[in-house]
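Student: I have a structure here, written as structure tokens, and I will follow up with some questions on it.
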Amino acid sequence: MLTHLSIKQFAVVTDAELALGPGLTVISGETGAGKSLLVDALSLLSGQRADSSVVRHGAERAELAGEFELAGVPAAASWLAAQELDNADEPGRCLLRRVIRADGGSRAWINGRPATLAQLSALASLLVEIHGQHEQQALLARPSQLALVDAFGRTAAERGAVAAAAAAWDALLEERKALLERGDVSDRIDWLQHQFDELEAEDLEPESIARLLADHTRQAHAGDLVAACEAALASLSGTDGSALADAIHQVRSALQKVGEHEPRLGEVDGMLEAAAIQLDEASALLDRIGGDLELEPEHLQGLERRLGRLHELGRKHRVPPEGLLAQRTRIAAELDALRGADERLQVLDREIESARDHWREVAGVLGRKRREAAAALSTAATALIGELGMEGGRFEIQVEPLEGDRPDPQGAERVEFLVAANPGQPARPLRKVASGGELSRVSLAIEVAAQGLDAVPTMIFDEVDSGIGGAVADIVGRRLRSLAGSRQVLCVTHLPQVAAQGHGHYRVSKAAHDGVTRSQVQRLGGAERAEELARMVGGAGLTEEALAAARRLLADVGPA
């Protein structure tokens with residue numbers, strides 16, 4: 001909801017600060033005092049275009065700011081996050097700011113970051129709805145009307161099913177389009193098959209490639225390995241005159257002769273014995289390795305040919321030899337997909353038709369709920385229109401089927417709000433209602449009948465009491481207060497019956513200083529409020545009768 005409104009150098013307002021809370025806040029003042037300027041300020045904060053005429057005479061610029069609390073408005077919070085305009089310090093709050101310069105320039109900010117008027121308008125449409133000015137009223141737009149009917153009919157589950165069905169149909173259509181765009185794929189199938197056959201001819205398992213590399217390395221260095229093994233055996237076995245085993249045996253014999261004099265020499269003997277055993281095992285292993293390492297030039301050539309093929313295939317497919325197996329798998333998968341394209345197309349045609357039938361089914365359920373909701377909302381709003389001073393007026397919701405048979409995520413119909421302000425008149429689209437006062441009262445009737453179910457948290461009514469009085473004014477006030485039980489409502493009024501219903505009350509007054517007219521905004525309470533209502537009852541003169549009437553109005557105010 002709107003928690004604070006700041007206005008500086010705007011038209012005849014020099015500086016005004018309004019702290020706003022939940023419920024109904026009324027704004028009153030003498031004719032010409034500038035009370036509708038507060039609505040104008042909010043319109044500009046909602047993205048309406050401005051010119052330099054709104055800047056107070058003699059000032060360089062007008063400054064407007066509105067602070068909103070986002071609790072219960074997830075759509076606005078999501079929008080801010082998506083646009084990277086959210087308030088990191090206070091994520092539950094949002095500040096809109098607008099500056100209009102006397103030279104005609106204009107700038108806007110959202111949470112301190114520069115924003116376009118389009119962004120300002122998009123965000124404000126989620127936060128504020130102004131009733132009374134055609135260009136600012138979201139309720140005049142068909143998408144908003146459909147959303148209100150859906151909210152009234154509680155169709156969230158049905159709308160979700162319709163959107164999911166349309167998305168499923170669209171995905172199948174995109175798949176079919178992609179398959180058709182491939183055209184004749186026989187050449188690609190032949191080319192892929194040739195590549196697959198080349199890869200299939202080789203053993204590409206990782207273990208096999210590892211063995212191949214090890215075998216090639218061993219064969220390539222077989223001569224050096226054989227020579228090294230023979231030299232080592234010669235040293236160990238004594239063929240070169242220096243047998244390590246004999247030397248160890250001699251050392252053991254010598255030490256054993258004196259071992260009885262030093263117990264620790266027994267440990268040395270055990271170590272030398274273990275060393276002799278290790279030397280014997282090493283000699284046996286060297287002998288086996290040397291026996292295995294026969295020089296086989298033909299085998300080496302075969303290994304090199306196979307490695308050469310793998311490296312050539314790797315360069316061709318731009319992967320290392322170890323990646324050829326995955327490449328073969330990818331080629332096989334594409335071949336399967338291409339060969340199954342014709343069959344898949346036939347299956348897709350059946351699936352697309354089935355998806356369309358499913359959409360028709362769930363859209364039909366949604367359509368029935370919408371028509372029921374439209375009829376109920378029409379009846380309730382029509383009754384309220386009569387109460388609000390438009391006797392014989394009529395409200396209708398026209399539900400029309402959409403043209404074409406393409407599954408639409410919004411459903412199979414659109415709605416149009418129609419109204420006949422007087423008996424005997426044909427119902428016309430709400431957006432074509434000429435009178436601002438009539439439009440405001442019709443909007444109030446719709447909102448009250450819909451129980452404030454639309455998502456916009458703040459509603460502003462201007463001219464809602466235009467051309468009415470007496471008992472009708474009292475009903476309008478009570479209906480506004482009733483609506484304020486579920487939404488924050490601001491109302492510019494000139495009727496005491498309406499003003500008395502407010503939870504909060506601001507008065508706009510004007511005065512001339514040094515030949516310059518300025519407007520001031522003051523929050524009223526207690527005796528001040530009773531005096532303002534008395535002024536609205538009796539005119540400029542403050543009489544005891546007017547004060548008594550004002551106190552009765554305040555005493556008669558019912559609960560929200």
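Just so we're on the same page: first chain in the structure tokens is A, next is B, and so on; residues restart at 1 for each chain, and ligands are numbered from 1 in the order they show up.
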Neighbouring residues of Ala163 (chain A) were defined as those with any atom within 7 Å, considering only C-alpha atoms; residues of the same chain fewer than 3 positions away were excluded. Please report them as number ranges by chain.
Tutor: A: 159-160, 166-167, 409-410
Student: Please identify which residues in region 325-548 of chain A DSSP calls alpha helix (DSSP H) from the backbone, and express them as a PyMOL selection string.
Tutor: chain A and resi 325-339+341-387+436-449+470-483+496-499+527-538+544-548
Student: Using only C-alpha atoms, pick whichever of A:Glu361, A:Glu205, A:Glu396, A:Glu343 has the shortest atom-to-atom distance to Gly411 (chain A).
Tutor: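 Of A:Glu361, A:Glu205, A:Glu396, A:Glu343, the one nearest Gly411 (chain A), counting only C-alpha atoms, is A:Glu361.
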Student: Can you list, as a list in words, every protein, DNA or RNA residue that comes within 9 Å of Arg507 (chain A) when you count only C-alpha atoms, leaving out same-chain residues fewer than 4 positions away?
Tutor: Val26, Ile27, Ser28, Gly29, Glu30, Lys35, Gln520, Val521, Gln522, Arg523, Leu524, Arg529 and Glu532 of chain A
Student: Could the residues in this selection be written to a file with N, CA and C atoms, as a PDB file, in the first residue's frame?
Tutor:
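Output contents, as saved in out14.pdb:
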ATOM      1  N   VAL A  26      -9.776  10.109   3.256  1.00  0.00           N
ATOM      2  CA  VAL A  26     -10.521  11.075   2.441  1.00  0.00           C
ATOM      3  C   VAL A  26      -9.737  12.378   2.363  1.00  0.00           C
ATOM      4  N   ILE A  27      -9.916  13.075   1.236  1.00  0.00           N
ATOM      5  CA  ILE A  27      -9.246  14.350   0.995  1.00  0.00           C
ATOM      6  C   ILE A  27     -10.318  15.355   0.612  1.00  0.00           C
ATOM      7  N   SER A  28     -10.442  16.401   1.389  1.00  0.00           N
ATOM      8  CA  SER A  28     -11.477  17.407   1.141  1.00  0.00           C
ATOM      9  C   SER A  28     -10.836  18.778   1.008  1.00  0.00           C
ATOM     10  N   GLY A  29     -11.639  19.741   0.645  1.00  0.00           N
ATOM     11  CA  GLY A  29     -11.151  21.110   0.500  1.00  0.00           C
ATOM     12  C   GLY A  29     -12.112  21.917  -0.341  1.00  0.00           C
ATOM     13  N   GLU A  30     -11.974  23.217  -0.261  1.00  0.00           N
ATOM     14  CA  GLU A  30     -12.846  24.085  -1.031  1.00  0.00           C
ATOM     15  C   GLU A  30     -12.598  23.910  -2.526  1.00  0.00           C
ATOM     16  N   LYS A  35      -7.403  19.987  -4.288  1.00  0.00           N
ATOM     17  CA  LYS A  35      -7.428  18.645  -3.703  1.00  0.00           C
ATOM     18  C   LYS A  35      -7.195  17.547  -4.743  1.00  0.00           C
ATOM     19  N   GLN A 520      -2.080  24.226   0.843  1.00  0.00           N
ATOM     20  CA  GLN A 520      -1.480  23.483   1.939  1.00  0.00           C
ATOM     21  C   GLN A 520      -2.316  22.235   2.213  1.00  0.00           C
ATOM     22  N   VAL A 521      -1.643  21.196   2.678  1.00  0.00           N
ATOM     23  CA  VAL A 521      -2.316  19.932   2.998  1.00  0.00           C
ATOM     24  C   VAL A 521      -2.125  19.665   4.476  1.00  0.00           C
ATOM     25  N   GLN A 522      -3.232  19.439   5.187  1.00  0.00           N
ATOM     26  CA  GLN A 522      -3.175  19.253   6.636  1.00  0.00           C
ATOM     27  C   GLN A 522      -3.967  18.020   7.037  1.00  0.00           C
ATOM     28  N   ARG A 523      -3.381  17.202   7.894  1.00  0.00           N
ATOM     29  CA  ARG A 523      -4.093  16.042   8.430  1.00  0.00           C
ATOM     30  C   ARG A 523      -4.995  16.503   9.574  1.00  0.00           C
ATOM     31  N   LEU A 524      -6.234  16.048   9.547  1.00  0.00           N
ATOM     32  CA  LEU A 524      -7.218  16.491  10.536  1.00  0.00           C
ATOM     33  C   LEU A 524      -7.517  15.396  11.547  1.00  0.00           C
ATOM     34  N   ARG A 529     -11.454  17.925  12.496  1.00  0.00           N
ATOM     35  CA  ARG A 529     -12.213  17.153  11.514  1.00  0.00           C
ATOM     36  C   ARG A 529     -13.701  17.520  11.582  1.00  0.00           C
ATOM     37  N   GLU A 532     -14.179  20.726   9.779  1.00  0.00           N
ATOM     38  CA  GLU A 532     -14.127  20.594   8.326  1.00  0.00           C
ATOM     39  C   GLU A 532     -15.428  20.008   7.789  1.00  0.00           C
TER      40      GLU A 532
END
Student: As an exercise, work out the distance from CA of Ser208 (chain A) to CA of Glu322 (chain A) in Å and give it to one decimal place.
Tutor: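 CA of Ser208 (chain A) sits 10.1 Å away from CA of Glu322 (chain A).
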Student: In region 242-450 of chain A, what's strand (DSSP E or B) per DSSP? Answer as a list in words?
Tutor: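 Filtering region 242-450 of chain A to strand (DSSP E or B) leaves Arg394, Phe395, Glu396, Ile397, Gln398, Val399, Glu400, Pro401, Glu413, Arg414, Val415, Glu416, Phe417, Leu418, Val419, Ala420, Arg428 and Pro429 of chain A.
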Student: Just want the 6 Å neighbourhood of Leu430 (chain A), counted on only C-alpha atoms, with same-chain residues fewer than 3 positions away dropped. Output as a VMD selection string.
Tutor: chain A and resid 417 to 419 433
Student: Could you turn the residues from that selection into a file that holds C-alpha atoms, as a PDB file, in the first residue's frame?
Tutor:
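Final output, part-v5.pdb:
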ATOM      1  CA  PHE A 417     -17.428  -4.720 -19.199  1.00  0.00           C
ATOM      2  CA  LEU A 418     -20.562  -2.919 -20.411  1.00  0.00           C
ATOM      3  CA  VAL A 419     -22.667  -0.325 -18.622  1.00  0.00           C
ATOM      4  CA  VAL A 433     -18.686   6.112 -20.367  1.00  0.00           C
TER       5      VAL A 433
END
Student: Taking only C-alpha atoms into account, which of A:Ala548, A:Val472, A:Leu44, A:Ala102 comes nearest Ala118 (chain A)?
Tutor: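 Smallest distance to Ala118 (chain A) is found for A:Leu44.
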Student: Report as a list in words all protein, DNA and RNA residues lying within 7 Å of Arg394 (chain A), evaluated on only C-alpha atoms, omitting residues in the same chain fewer than 6 positions from it.
Tutor: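 So the residues in contact are Thr382, Val419, Ala420 and Ala421 of chain A.
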Student: Those residues you just picked out, can you put them in a file as a short mmCIF file (atom, residue, chain, number, x, y, z; two decimals), in the first residue's frame with N, CA and C atoms?
Tutor:
data_model
loop_
_atom_site.label_atom_id
_atom_site.label_comp_id
_atom_site.auth_asym_id
_atom_site.auth_seq_id
_atom_site.Cartn_x
_atom_site.Cartn_y
_atom_site.Cartn_z
N THR A 382 -24.85 -4.48 -10.70
CA THR A 382 -26.04 -3.74 -11.13
C THR A 382 -26.85 -3.26 -9.92
N VAL A 419 -21.84 -1.02 -19.60
CA VAL A 419 -22.67 -0.32 -18.62
C VAL A 419 -23.69 0.56 -19.35
N ALA A 420 -24.88 0.59 -18.80
CA ALA A 420 -25.92 1.53 -19.23
C ALA A 420 -26.20 2.41 -18.03
N ALA A 421 -25.85 3.70 -18.12
CA ALA A 421 -25.96 4.59 -16.97
C ALA A 421 -27.41 4.95 -16.64
#
Student: Excluding same-chain residues fewer than 6 positions from Arg370 (chain A), what lies within 12 Å of it counting only C-alpha atoms, as a PyMOL selection string?
Tutor: chain A and resi 145-156+158-159+363-364+376-378+397-401+410-415
Student: Could you please take those selected residues and save N, CA and C atoms as a CSV table (one decimal), in the first residue's frame?
Tutor:
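Okay, this is what ended up in selection36.csv:
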chain,number,residue,atom,x,y,z
A,145,GLN,N,-10.0,-6.6,-16.8
A,145,GLN,CA,-11.4,-7.1,-16.7
A,145,GLN,C,-11.5,-8.6,-16.6
A,146,LEU,N,-10.7,-9.3,-17.5
A,146,LEU,CA,-10.7,-10.7,-17.4
A,146,LEU,C,-10.1,-11.2,-16.1
A,147,ALA,N,-9.0,-10.5,-15.7
A,147,ALA,CA,-8.4,-10.9,-14.4
A,147,ALA,C,-9.3,-10.8,-13.2
A,148,LEU,N,-10.2,-9.7,-13.2
A,148,LEU,CA,-11.1,-9.5,-12.1
A,148,LEU,C,-12.2,-10.6,-12.2
A,149,VAL,N,-12.7,-10.9,-13.3
A,149,VAL,CA,-13.7,-12.0,-13.4
A,149,VAL,C,-13.1,-13.3,-12.9
A,150,ASP,N,-11.9,-13.6,-13.3
A,150,ASP,CA,-11.2,-14.8,-12.8
A,150,ASP,C,-11.0,-14.8,-11.3
A,151,ALA,N,-10.6,-13.7,-10.8
A,151,ALA,CA,-10.5,-13.6,-9.3
A,151,ALA,C,-11.8,-13.8,-8.6
A,152,PHE,N,-12.9,-13.2,-9.2
A,152,PHE,CA,-14.2,-13.3,-8.6
A,152,PHE,C,-14.7,-14.8,-8.7
A,153,GLY,N,-14.4,-15.4,-9.8
A,153,GLY,CA,-14.8,-16.8,-9.9
A,153,GLY,C,-13.8,-17.8,-9.3
A,154,ARG,N,-12.7,-17.3,-8.8
A,154,ARG,CA,-11.7,-18.2,-8.1
A,154,ARG,C,-11.3,-19.3,-9.1
A,155,THR,N,-10.8,-18.9,-10.3
A,155,THR,CA,-10.5,-19.9,-11.3
A,155,THR,C,-9.0,-20.1,-11.4
A,156,ALA,N,-8.2,-19.9,-10.4
A,156,ALA,CA,-6.8,-20.0,-10.5
A,156,ALA,C,-6.3,-21.4,-11.0
A,158,GLU,N,-8.1,-23.6,-12.7
A,158,GLU,CA,-8.5,-23.8,-14.1
A,158,GLU,C,-7.6,-23.0,-15.0
A,159,ARG,N,-7.3,-21.8,-14.7
A,159,ARG,CA,-6.4,-21.0,-15.5
A,159,ARG,C,-5.0,-21.6,-15.6
A,363,ALA,N,-10.1,-25.7,-21.3
A,363,ALA,CA,-10.6,-24.3,-21.5
A,363,ALA,C,-12.1,-24.2,-21.4
A,364,GLY,N,-12.8,-25.3,-21.8
A,364,GLY,CA,-14.3,-25.4,-21.6
A,364,GLY,C,-14.7,-25.3,-20.1
A,376,ALA,N,-22.8,-13.6,-12.1
A,376,ALA,CA,-23.0,-13.3,-10.6
A,376,ALA,C,-22.5,-11.8,-10.4
A,377,LEU,N,-21.3,-11.5,-11.0
A,377,LEU,CA,-20.7,-10.2,-10.8
A,377,LEU,C,-21.6,-9.1,-11.4
A,378,SER,N,-22.2,-9.4,-12.6
A,378,SER,CA,-23.1,-8.4,-13.2
A,378,SER,C,-24.3,-8.1,-12.4
A,397,ILE,N,-21.5,-8.1,-18.2
A,397,ILE,CA,-20.2,-8.6,-18.6
A,397,ILE,C,-20.4,-9.5,-19.8
A,398,GLN,N,-19.9,-9.0,-20.9
A,398,GLN,CA,-20.0,-9.8,-22.2
A,398,GLN,C,-18.9,-10.8,-22.3
A,399,VAL,N,-19.2,-12.0,-22.4
A,399,VAL,CA,-18.2,-13.1,-22.6
A,399,VAL,C,-18.2,-13.5,-24.1
A,400,GLU,N,-17.1,-13.2,-24.8
A,400,GLU,CA,-17.1,-13.5,-26.2
A,400,GLU,C,-16.0,-14.6,-26.5
A,401,PRO,N,-16.3,-15.5,-27.4
A,401,PRO,CA,-15.3,-16.5,-27.8
A,401,PRO,C,-14.2,-15.8,-28.6
A,410,GLN,N,-4.6,-18.0,-22.1
A,410,GLN,CA,-5.5,-17.2,-21.3
A,410,GLN,C,-6.9,-17.9,-21.3
A,411,GLY,N,-7.1,-18.8,-22.2
A,411,GLY,CA,-8.4,-19.4,-22.4
A,411,GLY,C,-9.1,-19.2,-23.7
A,412,ALA,N,-10.3,-19.6,-23.8
A,412,ALA,CA,-11.0,-19.5,-25.1
A,412,ALA,C,-11.9,-18.3,-25.3
A,413,GLU,N,-11.9,-17.4,-24.4
A,413,GLU,CA,-12.8,-16.3,-24.4
A,413,GLU,C,-12.2,-15.0,-23.9
A,414,ARG,N,-12.8,-13.9,-24.2
A,414,ARG,CA,-12.4,-12.6,-23.6
A,414,ARG,C,-13.6,-12.0,-23.1
A,415,VAL,N,-13.5,-11.0,-22.2
A,415,VAL,CA,-14.6,-10.3,-21.6
A,415,VAL,C,-14.6,-8.8,-21.9
Student: Please, what distance in Å, to one decimal, runs between CA of Glu351 (chain A) and CA of Arg176 (chain A)?
Tutor: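 Going from CA of Glu351 (chain A) over to CA of Arg176 (chain A), I get 10.4 Å.
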Student: Rounded to one decimal place, report the CA of Val162 (chain A)-CA of Gln346 (chain A) distance in Å.
Tutor: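 So the answer is 25.2 Å.
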Student: Give me the residues within 10 Å of Glu67 (chain A) as a list of chain:residue names, counting only C-alpha atoms and dropping any in the same chain fewer than 2 places off.
Tutor: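 Final neighbour list, sorted by chain and number: A:Met1, A:Leu2, A:Thr3, A:His4, A:Leu5, A:Ser6, A:Ala19, A:Leu20, A:Ala65, A:Glu69, A:Leu70, A:Arg93, A:Cys94, A:Leu95, A:Leu96, A:Arg97, A:Asn111.
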Student: How about saving the chosen residues, C-alpha atoms kept, as a PDB file, in the first residue's frame?
Tutor:
ATOM      1  CA  MET A   1       0.000   0.000   0.000  1.00  0.00           C
ATOM      2  CA  LEU A   2       0.971   3.675  -0.302  1.00  0.00           C
ATOM      3  CA  THR A   3       2.573   4.775   2.969  1.00  0.00           C
ATOM      4  CA  HIS A   4       3.945   8.210   2.137  1.00  0.00           C
ATOM      5  CA  LEU A   5       3.375  10.840  -0.562  1.00  0.00           C
ATOM      6  CA  SER A   6       5.650  13.854  -0.979  1.00  0.00           C
ATOM      7  CA  ALA A  19       1.521   9.824   5.774  1.00  0.00           C
ATOM      8  CA  LEU A  20      -1.030   7.209   4.742  1.00  0.00           C
ATOM      9  CA  ALA A  65       7.736  10.821  -4.441  1.00  0.00           C
ATOM     10  CA  GLU A  69       4.871  -1.197   1.256  1.00  0.00           C
ATOM     11  CA  LEU A  70       5.053  -4.421  -0.801  1.00  0.00           C
ATOM     12  CA  ARG A  93       9.492  -1.281   0.423  1.00  0.00           C
ATOM     13  CA  CYS A  94       9.569   0.588  -2.870  1.00  0.00           C
ATOM     14  CA  LEU A  95      10.140   4.282  -3.634  1.00  0.00           C
ATOM     15  CA  LEU A  96       8.908   5.942  -6.848  1.00  0.00           C
ATOM     16  CA  ARG A  97      10.269   9.400  -7.618  1.00  0.00           C
ATOM     17  CA  ASN A 111      14.360   2.743  -5.581  1.00  0.00           C
TER      18      ASN A 111
END
Student: With only C-alpha atoms as the basis for distance, which of A:Thr517, A:Gln9, A:Asn422, A:Ser43 is at the shortest distance from Ile460 (chain A)?
Tutor: A:Ser43
Student: Find the residue from A:Ala555, A:Leu42, A:Val251, A:Leu324 that sits nearest to His131 (chain A); use only C-alpha atoms when measuring.
Tutor: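 Closest to His131 (chain A) of all the choices is A:Leu42.
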